$ cat work.cif   # mmCIF, C-alpha atoms and all ligand atoms
data_final
#
loop_
_atom_site.label_atom_id
_atom_site.label_comp_id
_atom_site.auth_asym_id
_atom_site.auth_seq_id
_atom_site.Cartn_x
_atom_site.Cartn_y
_atom_site.Cartn_z
CA MET F 1 0.00 0.00 0.00
CA GLN F 2 2.75 2.37 1.04
CA GLN F 3 4.64 1.44 -2.08
CA THR F 4 1.66 2.29 -4.25
CA GLU F 5 1.25 5.62 -2.45
CA ALA F 6 4.90 6.42 -3.08
CA MET F 7 4.61 5.39 -6.70
CA VAL F 8 1.59 7.56 -7.25
CA THR F 9 3.06 10.48 -5.34
CA ALA F 10 6.01 10.29 -7.71
CA PHE F 11 3.78 11.45 -10.60
CA SER F 12 5.67 13.74 -12.92
CA ASP F 13 5.51 17.40 -12.05
CA GLY F 14 6.36 18.49 -15.58
CA ALA F 15 4.97 16.73 -18.59
CA SER F 16 7.57 18.42 -20.78
CA SER F 17 10.40 16.78 -18.90
CA ARG F 18 9.23 13.30 -19.80
CA GLY F 19 8.84 13.70 -23.55
CA SER F 20 11.42 11.53 -25.29
CA ALA F 21 10.52 12.70 -28.75
CA SER F 22 12.88 14.27 -31.18
CA GLY F 23 12.67 15.01 -34.88
CA SER F 24 10.46 17.42 -36.78
CA ASP F 25 7.33 15.29 -37.09
CA ARG F 26 7.13 14.56 -33.40
CA ALA F 27 4.66 16.23 -31.06
CA SER F 28 5.05 19.99 -31.12
CA GLY F 29 3.68 20.32 -27.56
CA SER F 30 4.55 18.66 -24.27
CA PHE F 31 2.60 15.49 -24.90
CA ALA F 32 4.78 13.08 -26.83
CA THR F 33 3.51 9.84 -25.33
CA SER F 34 -0.07 8.97 -24.50
CA GLY F 35 -2.54 6.27 -23.59
CA VAL F 36 -6.23 6.02 -24.47
CA ILE F 37 -8.44 3.46 -22.73
CA GLY F 38 -11.37 2.19 -24.80
CA ALA F 39 -11.38 2.26 -28.63
CA GLY F 40 -15.07 2.98 -29.15
CA THR F 41 -16.58 6.03 -30.82
CA MET F 42 -14.61 8.48 -28.70
CA GLY F 43 -11.40 6.55 -28.04
CA ILE F 44 -10.87 6.17 -31.79
CA GLY F 45 -11.17 9.92 -32.29
CA ILE F 46 -9.02 10.84 -29.30
CA ALA F 47 -6.28 8.41 -30.37
CA TYR F 48 -6.43 9.83 -33.90
CA VAL F 49 -6.01 13.48 -32.84
CA LEU F 50 -3.22 12.58 -30.42
CA ALA F 51 -1.37 10.65 -33.15
CA LEU F 52 -1.96 13.45 -35.64
CA SER F 53 -0.44 15.93 -33.17
CA GLY F 54 2.72 13.78 -33.22
CA ALA F 55 2.20 11.82 -30.00
CA ASP F 56 2.75 8.10 -29.75
CA VAL F 57 -0.48 6.46 -28.58
CA HIS F 58 -1.07 3.23 -26.67
CA LEU F 59 -4.70 2.40 -27.36
CA VAL F 60 -6.40 -0.11 -25.04
CA GLU F 61 -9.30 -2.19 -26.37
CA PRO F 62 -10.18 -5.54 -24.75
CA ASP F 63 -12.80 -6.51 -27.35
CA GLN F 64 -10.83 -7.84 -30.33
CA ASP F 65 -13.72 -7.44 -32.79
CA GLN F 66 -14.06 -3.81 -31.74
CA ALA F 67 -10.29 -3.35 -32.01
CA GLY F 68 -10.53 -4.53 -35.63
CA ARG F 69 -13.37 -2.11 -36.38
CA ALA F 70 -11.51 0.72 -34.65
CA ARG F 71 -8.37 0.06 -36.71
CA GLU F 72 -10.44 0.19 -39.91
CA ALA F 73 -12.13 3.41 -38.78
CA ILE F 74 -8.77 5.10 -38.17
CA VAL F 75 -7.36 3.97 -41.54
CA ALA F 76 -10.55 5.16 -43.28
CA ARG F 77 -10.31 8.52 -41.54
CA VAL F 78 -6.64 8.90 -42.54
CA HIS F 79 -7.55 8.14 -46.17
CA LYS F 80 -10.39 10.61 -46.17
CA ALA F 81 -8.34 13.40 -44.59
CA SER F 82 -5.38 12.65 -46.93
CA ALA F 83 -7.58 13.25 -49.98
CA ARG F 84 -8.00 16.92 -49.08
CA ALA F 85 -5.90 19.45 -50.95
CA ASP F 86 -4.56 20.90 -47.69
CA ALA F 87 -3.84 17.47 -46.16
CA ASP F 88 -1.57 17.46 -43.10
CA ALA F 89 1.80 15.81 -43.85
CA ARG F 90 1.66 14.04 -40.47
CA LEU F 91 -1.35 11.97 -41.57
CA SER F 92 0.89 9.33 -43.14
CA ARG F 93 2.23 8.42 -39.70
CA VAL F 94 -1.00 8.34 -37.72
CA ALA F 95 -1.62 4.59 -37.99
CA GLU F 96 1.95 3.61 -37.15
CA ARG F 97 1.96 5.85 -34.09
CA ILE F 98 -0.83 3.77 -32.54
CA ASN F 99 0.18 0.73 -30.53
CA TRP F 100 -2.78 -1.56 -29.85
CA ILE F 101 -3.02 -3.26 -26.46
CA SER F 102 -5.81 -5.13 -24.74
CA ALA F 103 -5.67 -4.14 -21.05
CA PRO F 104 -4.85 -0.97 -19.08
CA VAL F 105 -2.13 -2.83 -17.12
CA GLU F 106 -0.18 -3.07 -20.39
CA LEU F 107 0.11 0.73 -20.56
CA PRO F 108 3.71 1.85 -20.06
CA VAL F 109 4.54 3.71 -16.86
CA GLY F 110 5.15 7.45 -17.15
CA LEU F 111 3.17 8.42 -20.25
CA ASP F 112 2.59 12.14 -20.65
CA VAL F 113 -1.17 11.66 -20.61
CA ILE F 114 -3.73 8.88 -20.21
CA ILE F 115 -7.37 9.48 -21.14
CA GLU F 116 -10.10 6.98 -20.35
CA ALA F 117 -12.99 6.63 -22.82
CA VAL F 118 -14.79 3.52 -21.56
CA PRO F 119 -18.61 3.33 -21.30
CA GLU F 120 -20.40 5.75 -19.00
CA GLN F 121 -20.61 3.46 -15.96
CA LEU F 122 -19.34 4.66 -12.60
CA GLU F 123 -17.88 1.37 -11.35
CA LEU F 124 -16.18 0.63 -14.67
CA LYS F 125 -14.64 4.09 -14.74
CA HIS F 126 -13.47 3.74 -11.12
CA SER F 127 -11.67 0.51 -11.89
CA VAL F 128 -10.12 1.77 -15.13
CA LEU F 129 -8.96 5.06 -13.56
CA SER F 130 -7.44 3.23 -10.57
CA LEU F 131 -5.46 1.05 -12.96
CA ALA F 132 -4.44 4.07 -15.03
CA GLU F 133 -3.24 5.88 -11.91
CA THR F 134 -0.78 3.10 -11.15
CA ARG F 135 0.83 3.83 -14.54
CA GLN F 136 1.78 7.31 -13.21
CA PRO F 137 0.82 9.46 -16.20
CA GLY F 138 1.73 13.16 -16.28
CA LEU F 139 -1.94 13.95 -16.79
CA LEU F 140 -4.92 11.70 -16.08
CA GLY F 141 -8.12 12.58 -17.91
CA THR F 142 -11.62 11.18 -18.16
CA ASN F 143 -13.86 11.69 -21.16
CA THR F 144 -17.03 11.22 -19.11
CA SER F 145 -19.99 13.15 -20.50
CA GLY F 146 -21.78 13.56 -17.24
CA ILE F 147 -20.34 11.80 -14.19
CA SER F 148 -18.92 14.11 -11.54
CA ILE F 149 -15.12 14.35 -11.74
CA GLY F 150 -15.03 14.61 -7.95
CA ALA F 151 -16.93 11.31 -7.64
CA LEU F 152 -14.56 9.64 -10.12
CA ALA F 153 -11.54 10.99 -8.23
CA GLU F 154 -12.78 9.73 -4.85
CA ARG F 155 -11.03 6.37 -5.01
CA LEU F 156 -7.78 7.69 -6.45
CA HIS F 157 -4.69 8.15 -4.30
CA ARG F 158 -4.20 11.58 -5.85
CA PRO F 159 -7.62 13.09 -6.65
CA ASP F 160 -5.89 16.37 -7.50
CA ARG F 161 -4.44 14.70 -10.60
CA LEU F 162 -7.73 13.91 -12.32
CA VAL F 163 -9.36 16.29 -14.76
CA GLY F 164 -12.33 15.99 -17.08
CA LEU F 165 -11.26 16.08 -20.74
CA HIS F 166 -14.58 16.07 -22.50
CA PHE F 167 -14.12 15.69 -26.24
CA PHE F 168 -16.92 15.81 -28.79
CA ASN F 169 -17.91 13.49 -31.59
CA PRO F 170 -16.39 13.32 -34.16
CA VAL F 171 -13.25 14.28 -32.28
CA TRP F 172 -11.27 15.14 -35.44
CA ALA F 173 -13.90 17.70 -36.47
CA MET F 174 -15.16 19.20 -33.22
CA ARG F 175 -13.03 22.05 -31.88
CA LEU F 176 -14.34 22.12 -28.31
CA LEU F 177 -12.55 20.52 -25.37
CA GLU F 178 -14.54 20.94 -22.17
CA VAL F 179 -11.99 20.89 -19.35
CA VAL F 180 -13.75 20.01 -16.12
CA ARG F 181 -12.16 20.79 -12.81
CA SER F 182 -13.27 19.14 -9.58
CA SER F 183 -12.77 20.88 -6.25
CA ALA F 184 -9.63 18.75 -5.90
CA THR F 185 -8.09 19.28 -9.36
CA SER F 186 -4.82 21.21 -9.02
CA ASP F 187 -3.98 24.38 -10.95
CA ASP F 188 -1.00 22.60 -12.47
CA VAL F 189 -3.19 19.80 -13.83
CA LEU F 190 -5.62 22.36 -15.22
CA ASP F 191 -2.75 24.15 -16.99
CA ARG F 192 -1.57 20.88 -18.49
CA ALA F 193 -5.08 20.10 -19.70
CA ARG F 194 -5.21 23.46 -21.47
CA SER F 195 -1.83 22.89 -23.05
CA LEU F 196 -3.00 19.48 -24.29
CA ALA F 197 -5.98 21.22 -25.90
CA GLU F 198 -3.59 23.59 -27.63
CA GLN F 199 -1.43 20.74 -28.94
CA LEU F 200 -4.53 19.04 -30.35
CA GLY F 201 -5.82 22.24 -31.96
CA LYS F 202 -8.84 22.37 -29.66
CA GLU F 203 -10.48 25.34 -28.00
CA ALA F 204 -10.71 24.69 -24.27
CA ILE F 205 -13.42 25.95 -21.96
CA THR F 206 -13.08 25.48 -18.20
CA VAL F 207 -16.14 24.26 -16.38
CA ALA F 208 -16.93 23.56 -12.72
CA ASP F 209 -17.78 20.03 -11.72
CA HIS F 210 -21.56 20.06 -11.88
CA PRO F 211 -23.18 16.92 -13.34
CA GLY F 212 -23.52 17.28 -17.10
CA PHE F 213 -21.02 20.16 -17.08
CA ALA F 214 -21.88 22.95 -19.55
CA THR F 215 -22.57 20.83 -22.61
CA SER F 216 -24.28 17.52 -21.77
CA ARG F 217 -26.71 19.15 -19.34
CA LEU F 218 -28.14 21.32 -22.10
CA GLY F 219 -27.58 18.99 -25.05
CA VAL F 220 -29.09 15.89 -23.43
CA MET F 221 -32.09 17.86 -22.16
CA LEU F 222 -32.80 19.01 -25.73
CA GLY F 223 -32.40 15.45 -27.03
CA LEU F 224 -34.74 13.96 -24.39
CA GLU F 225 -37.38 16.58 -25.09
CA ALA F 226 -37.13 15.90 -28.84
CA ILE F 227 -37.72 12.18 -28.14
CA ARG F 228 -40.75 13.02 -25.97
CA MET F 229 -42.07 15.18 -28.83
CA LEU F 230 -41.69 12.21 -31.18
CA GLU F 231 -43.59 10.04 -28.65
CA ASP F 232 -46.33 12.66 -28.46
CA GLY F 233 -46.67 12.72 -32.24
CA VAL F 234 -45.77 16.41 -32.50
CA ALA F 235 -43.89 15.86 -35.77
CA SER F 236 -41.69 13.33 -37.56
CA ALA F 237 -38.03 12.90 -36.56
CA THR F 238 -36.97 14.72 -39.70
CA ASP F 239 -39.29 17.65 -39.04
CA ILE F 240 -38.33 17.95 -35.35
CA ASP F 241 -34.70 18.11 -36.47
CA LYS F 242 -35.52 20.61 -39.22
CA ALA F 243 -37.25 22.80 -36.65
CA MET F 244 -33.96 23.26 -34.81
CA GLU F 245 -31.78 23.35 -37.92
CA LEU F 246 -33.78 25.91 -39.87
CA GLY F 247 -35.56 27.72 -37.06
CA TYR F 248 -32.70 27.96 -34.55
CA ARG F 249 -29.68 27.53 -36.80
CA HIS F 250 -28.46 24.38 -35.05
CA PRO F 251 -26.07 22.63 -37.45
CA MET F 252 -27.80 19.31 -36.70
CA GLY F 253 -31.14 18.44 -35.12
CA PRO F 254 -31.28 16.77 -31.67
CA LEU F 255 -32.52 13.38 -32.93
CA ARG F 256 -29.87 13.01 -35.63
CA LEU F 257 -27.28 14.07 -33.05
CA THR F 258 -28.58 11.42 -30.65
CA ASP F 259 -28.10 8.84 -33.43
CA LEU F 260 -24.51 9.98 -33.89
CA VAL F 261 -23.73 10.00 -30.17
CA GLY F 262 -25.35 6.59 -29.61
CA LEU F 263 -28.74 6.05 -27.95
CA ASP F 264 -27.16 3.84 -25.29
CA VAL F 265 -24.59 6.53 -24.49
CA ARG F 266 -27.31 9.18 -24.20
CA LEU F 267 -29.45 6.86 -22.04
CA ALA F 268 -26.55 6.31 -19.65
CA ILE F 269 -25.90 10.06 -19.41
CA ALA F 270 -29.60 10.76 -18.84
CA GLY F 271 -29.62 8.17 -16.03
CA ASN F 272 -26.73 9.90 -14.30
CA LEU F 273 -28.29 13.33 -14.75
CA GLN F 274 -31.62 12.04 -13.44
CA GLN F 275 -29.87 10.99 -10.24
CA ALA F 276 -28.35 14.45 -9.91
CA TYR F 277 -31.25 16.68 -10.99
CA GLY F 278 -34.35 14.53 -10.68
CA ASP F 279 -37.15 13.72 -13.07
CA ARG F 280 -36.52 16.43 -15.61
CA PHE F 281 -33.84 14.05 -16.97
CA ARG F 282 -36.06 10.92 -16.82
CA PRO F 283 -35.37 8.93 -20.00
CA PRO F 284 -38.44 8.71 -22.30
CA GLN F 285 -39.93 5.24 -22.84
CA LEU F 286 -39.12 5.41 -26.56
CA LEU F 287 -35.42 5.77 -25.75
CA LEU F 288 -35.55 2.83 -23.34
CA ASP F 289 -37.38 0.70 -25.94
CA LYS F 290 -34.97 1.52 -28.74
CA VAL F 291 -31.90 0.74 -26.66
CA ALA F 292 -33.48 -2.53 -25.49
CA ALA F 293 -34.12 -3.40 -29.17
CA GLY F 294 -30.47 -2.73 -30.04
CA GLU F 295 -31.33 0.41 -32.05
CA LEU F 296 -28.35 2.43 -30.91
CA GLY F 297 -28.10 4.90 -33.79
CA GLN F 298 -25.46 5.15 -36.48
CA LYS F 299 -23.17 2.53 -34.93
CA SER F 300 -25.87 -0.18 -35.05
CA GLY F 301 -27.38 0.93 -38.38
CA GLN F 302 -30.70 2.04 -36.88
CA GLY F 303 -31.77 4.73 -34.43
CA PHE F 304 -34.25 7.52 -35.08
CA TYR F 305 -32.98 7.25 -38.67
CA SER F 306 -31.85 4.31 -40.74
CA TRP F 307 -28.08 4.30 -41.35
CA GLN F 308 -27.90 1.18 -43.52
N1 LIG F 401 -20.34 8.99 -28.04
C1 LIG F 401 -20.23 10.29 -27.87
O1 LIG F 401 -20.64 11.11 -28.71
C2 LIG F 401 -19.55 10.83 -26.65
C3 LIG F 401 -19.19 12.19 -26.62
C4 LIG F 401 -18.47 12.69 -25.53
C5 LIG F 401 -18.17 11.85 -24.47
N2 LIG F 401 -18.57 10.54 -24.50
C6 LIG F 401 -18.20 9.70 -23.36
O2 LIG F 401 -17.05 8.96 -23.76
C7 LIG F 401 -17.05 7.69 -23.09
C8 LIG F 401 -17.01 6.58 -24.14
O3 LIG F 401 -18.11 6.72 -24.99
P1 LIG F 401 -18.15 6.01 -26.42
O4 LIG F 401 -19.32 6.57 -27.13
O5 LIG F 401 -16.81 6.04 -27.06
O6 LIG F 401 -18.48 4.50 -25.96
P2 LIG F 401 -18.34 3.16 -26.81
O7 LIG F 401 -19.27 2.19 -26.20
O8 LIG F 401 -18.44 3.46 -28.28
O9 LIG F 401 -16.82 2.71 -26.54
C9 LIG F 401 -16.33 2.28 -25.30
C10 LIG F 401 -15.21 1.29 -25.54
O10 LIG F 401 -14.60 0.95 -24.30
C11 LIG F 401 -14.27 -0.43 -24.35
N3 LIG F 401 -14.13 -0.95 -22.99
C12 LIG F 401 -15.08 -1.46 -22.18
N4 LIG F 401 -14.52 -1.84 -21.01
C13 LIG F 401 -13.21 -1.56 -21.10
C14 LIG F 401 -12.11 -1.73 -20.20
N5 LIG F 401 -12.26 -2.24 -18.98
N6 LIG F 401 -10.88 -1.33 -20.63
C15 LIG F 401 -10.70 -0.81 -21.85
N7 LIG F 401 -11.72 -0.62 -22.73
C16 LIG F 401 -12.96 -0.99 -22.36
C17 LIG F 401 -15.43 -1.06 -25.11
O11 LIG F 401 -15.07 -2.34 -25.63
C18 LIG F 401 -15.69 -0.02 -26.19
O12 LIG F 401 -14.94 -0.27 -27.37
C19 LIG F 401 -18.32 7.66 -22.24
O13 LIG F 401 -17.99 8.08 -20.95
C20 LIG F 401 -19.22 8.68 -22.93
O14 LIG F 401 -20.17 9.20 -22.06
C21 LIG F 401 -19.24 10.01 -25.57
#

$ encode --input "work.cif" --output "structure tokens"
Amino acid sequence: MQQTEAMVTAFSDGASSRGSASGSDRASGSFATSGVIGAGTMGIGIAYVLALSGADVHLVEPDQDQAGRAREAIVARVHKASARADADARLSRVAERINWISAPVELPVGLDVIIEAVPEQLELKHSVLSLAETRQPGLLGTNTSGISIGALAERLHRPDRLVGLHFFNPVWAMRLLEVVRSSATSDDVLDRARSLAEQLGKEAITVADHPGFATSRLGVMLGLEAIRMLEDGVASATDIDKAMELGYRHPMGPLRLTDLVGLDVRLAIAGNLQQAYGDRFRPPQLLLDKVAAGELGQKSGQGFYSWQ
């Protein structure tokens, strides 16, 4: 126990001092080595932007079928981005920068940053973050959409080291990084999170640790209400989305966005927000039914729209 404490206390105090990179195509910022836990929708995107920024990435995915799909998704993304006239020269090295592993314990000790992107389940995140902490990263981030960072930090030896790094889907296209600070998060960790955002070409906002932060609390509420409107027969999915797109200048309607995020992901977030804020975040029956039927949105081929 004491040994673990000492190990964790020995966390780096300067991410820049641990970067071993050299050469012009290596990471331009302080984050030269990284780990991402979970290669689902978000982990794929986070690994991609880290690799594109020049960092070496250790990507953890225990499900071998999913690892295969994730690999294909990254290669497809590289091809698509390479076809652009202003393609980034570093694209050619993205795939080779990613080292695929199947468990968090295989992550090397002393990476500049580890970000967890496993499903939105408190116990799962606790166990993954505890494992990640033993690998002594310079920065430890969670991509949770709605769980309190303070609650996630509770079982860590150094709660001051955890910060919310909330990326958006698709990570390569969305410029926002919501940096969430718990009451324990240190100023130093917050600074490092902002410098990671800069390296990745993201715009960081800093948000206090209230469930749902600044984004999910509003975005999920809009999505749930749109589903209730569909249940009530107010309009078709397409017309509800058009109402927001054409009437309020949202780039995408709330139902299509729910399909892209994943209905299961949104359901899990709504459940957590319901616990925090009560019934205004109660998941609509239609959402429960669709998730139970395996209609998870784009990733399963069917959600509020057909993606076949
Ligand atoms: N989907 C979105 O649009 C979105 C946006 C922002 C944040 N988030 C948050 O990001 C996190 C991940 O969401 P997602 O949509 O990528 O989920 P996902 O279900 O697509 O992917 C999660 C991945 O984690 C893997 N996994 C499960 N247990 C694991 C373990 N013990 N170790 C390593 N990997 C494990 C799964 O096999 C899966 O591939 C969630 O907290 C979610 O709330 C999601």

$ residues_near_ligand --input "work.cif" --ligand "ligand LIG 401 (chain F)" --cutoff "7 Å" --atoms "all atoms listed in the file" --output "count of residues only"
33

$ atom_distance --input "work.cif" --atom1 "CA of Leu131 in chain F" --atom2 "CA of Leu156 in chain F"
9.6 Å

$ residues_around --input "work.cif" --residues "range 286-301 of chain F" --least-positions-apart "4" --cutoff "10 Å" --atoms "all atoms listed in the file" --output "list in words"
Gly40, Thr41, Leu224, Ile227, Arg228, Leu230, Glu231, Leu255, Arg256, Leu257, Thr258, Asp259, Leu260, Val261, Gly262, Leu263, Asp264, Val265, Arg266, Leu267, Tyr305, Ser306, Trp307 and Gln308 of chain F

$ residues_near_point --input "work.cif" --point "(1.9, 1.1, -23.4)" --cutoff "9 Å" --atoms "only C-alpha atoms" --output "number ranges by chain"
F: 34-35, 57-60, 99-101, 104-109, 111

$ atom_distance --input "work.cif" --atom1 "CA of Pro283 in chain F" --atom2 "CA of Arg181 in chain F"
27.0 Å

$ residues_around --input "work.cif" --residues "range 81-84 of chain F" --least-positions-apart "5" --cutoff "12 Å" --atoms "only C-alpha atoms" --output "JSON, numbers by chain"
{"F": [48, 49, 52, 74, 75, 76, 89, 90, 91, 92, 93, 94, 172, 173]}

$ write_last_selection --input "work.cif" --atoms "C-alpha atoms" --output "PDB file, in the coordinates of the input"
ATOM      1  CA  TYR F  48      -6.430   9.830 -33.900  1.00  0.00           C
ATOM      2  CA  VAL F  49      -6.010  13.480 -32.840  1.00  0.00           C
ATOM      3  CA  LEU F  52      -1.960  13.450 -35.640  1.00  0.00           C
ATOM      4  CA  ILE F  74      -8.770   5.100 -38.170  1.00  0.00           C
ATOM      5  CA  VAL F  75      -7.360   3.970 -41.540  1.00  0.00           C
ATOM      6  CA  ALA F  76     -10.550   5.160 -43.280  1.00  0.00           C
ATOM      7  CA  ALA F  89       1.800  15.810 -43.850  1.00  0.00           C
ATOM      8  CA  ARG F  90       1.660  14.040 -40.470  1.00  0.00           C
ATOM      9  CA  LEU F  91      -1.350  11.970 -41.570  1.00  0.00           C
ATOM     10  CA  SER F  92       0.890   9.330 -43.140  1.00  0.00           C
ATOM     11  CA  ARG F  93       2.230   8.420 -39.700  1.00  0.00           C
ATOM     12  CA  VAL F  94      -1.000   8.340 -37.720  1.00  0.00           C
ATOM     13  CA  TRP F 172     -11.270  15.140 -35.440  1.00  0.00           C
ATOM     14  CA  ALA F 173     -13.900  17.700 -36.470  1.00  0.00           C
TER      15      ALA F 173
END

$ atom_distance --input "work.cif" --atom1 "CA of Ser216 in chain F" --atom2 "CA of Ser236 in chain F"
23.9 Å

$ closest_residue --input "work.cif" --among "F:Leu165, F:Asp239, F:Leu200, F:Ser148" --to "Ala276 in chain F" --atoms "only C-alpha atoms"
F:Ser148

$ closest_residue --input "work.cif" --among "F:Leu246, F:Pro211, F:Arg77, F:Phe304" --to "Ala226 in chain F" --atoms "all atoms listed in the file"
F:Phe304

$ residues_around --input "work.cif" --residues "Phe281 in chain F" --least-positions-apart "2" --cutoff "8 Å" --atoms "all atoms listed in the file" --output "number ranges by chain"
F: 221, 224, 270-271, 273-274, 277-279, 283

$ residues_near_point --input "work.cif" --point "(-20.6, 20.8, -13.2)" --cutoff "9 Å" --atoms "all atoms listed in the file" --output "PyMOL selection string"
chain F and resi 146+148-149+180-182+207-214+217

$ decode --input "work.cif" --residues "range 117-134 of chain F" --atoms "N, CA and C atoms" --output "tab-separated table (two decimals), in the first residue's frame"
chain	number	residue	atom	x	y	z
F	117	ALA	N	-11.77	6.42	-22.02
F	117	ALA	CA	-12.99	6.63	-22.82
F	117	ALA	C	-13.77	5.32	-22.86
F	118	VAL	N	-13.99	4.74	-21.66
F	118	VAL	CA	-14.79	3.52	-21.56
F	118	VAL	C	-16.25	3.92	-21.34
F	119	PRO	N	-17.19	2.96	-21.44
F	119	PRO	CA	-18.61	3.33	-21.30
F	119	PRO	C	-18.92	4.07	-19.99
F	120	GLU	N	-20.01	4.83	-20.08
F	120	GLU	CA	-20.40	5.75	-19.00
F	120	GLU	C	-20.98	4.99	-17.81
F	121	GLN	N	-20.16	4.20	-17.14
F	121	GLN	CA	-20.61	3.46	-15.96
F	121	GLN	C	-19.64	3.74	-14.82
F	122	LEU	N	-20.18	4.19	-13.70
F	122	LEU	CA	-19.34	4.66	-12.60
F	122	LEU	C	-18.32	3.62	-12.15
F	123	GLU	N	-18.79	2.38	-11.89
F	123	GLU	CA	-17.88	1.37	-11.35
F	123	GLU	C	-16.78	1.03	-12.35
F	124	LEU	N	-17.16	0.93	-13.63
F	124	LEU	CA	-16.18	0.63	-14.67
F	124	LEU	C	-15.12	1.73	-14.72
F	125	LYS	N	-15.59	2.97	-14.67
F	125	LYS	CA	-14.64	4.09	-14.74
F	125	LYS	C	-13.73	4.11	-13.51
F	126	HIS	N	-14.30	3.82	-12.32
F	126	HIS	CA	-13.47	3.74	-11.12
F	126	HIS	C	-12.34	2.74	-11.31
F	127	SER	N	-12.69	1.55	-11.81
F	127	SER	CA	-11.67	0.51	-11.89
F	127	SER	C	-10.62	0.87	-12.94
F	128	VAL	N	-11.06	1.42	-14.06
F	128	VAL	CA	-10.12	1.77	-15.13
F	128	VAL	C	-9.20	2.92	-14.68
F	129	LEU	N	-9.78	3.92	-14.00
F	129	LEU	CA	-8.96	5.06	-13.56
F	129	LEU	C	-7.96	4.64	-12.48
F	130	SER	N	-8.37	3.71	-11.59
F	130	SER	CA	-7.44	3.23	-10.57
F	130	SER	C	-6.25	2.53	-11.22
F	131	LEU	N	-6.55	1.72	-12.24
F	131	LEU	CA	-5.46	1.05	-12.96
F	131	LEU	C	-4.57	2.07	-13.67
F	132	ALA	N	-5.21	3.05	-14.30
F	132	ALA	CA	-4.44	4.07	-15.03
F	132	ALA	C	-3.53	4.84	-14.08
F	133	GLU	N	-4.04	5.11	-12.87
F	133	GLU	CA	-3.24	5.88	-11.91
F	133	GLU	C	-1.94	5.17	-11.55
F	134	THR	N	-2.00	3.84	-11.49
F	134	THR	CA	-0.78	3.10	-11.15
F	134	THR	C	0.28	3.21	-12.25
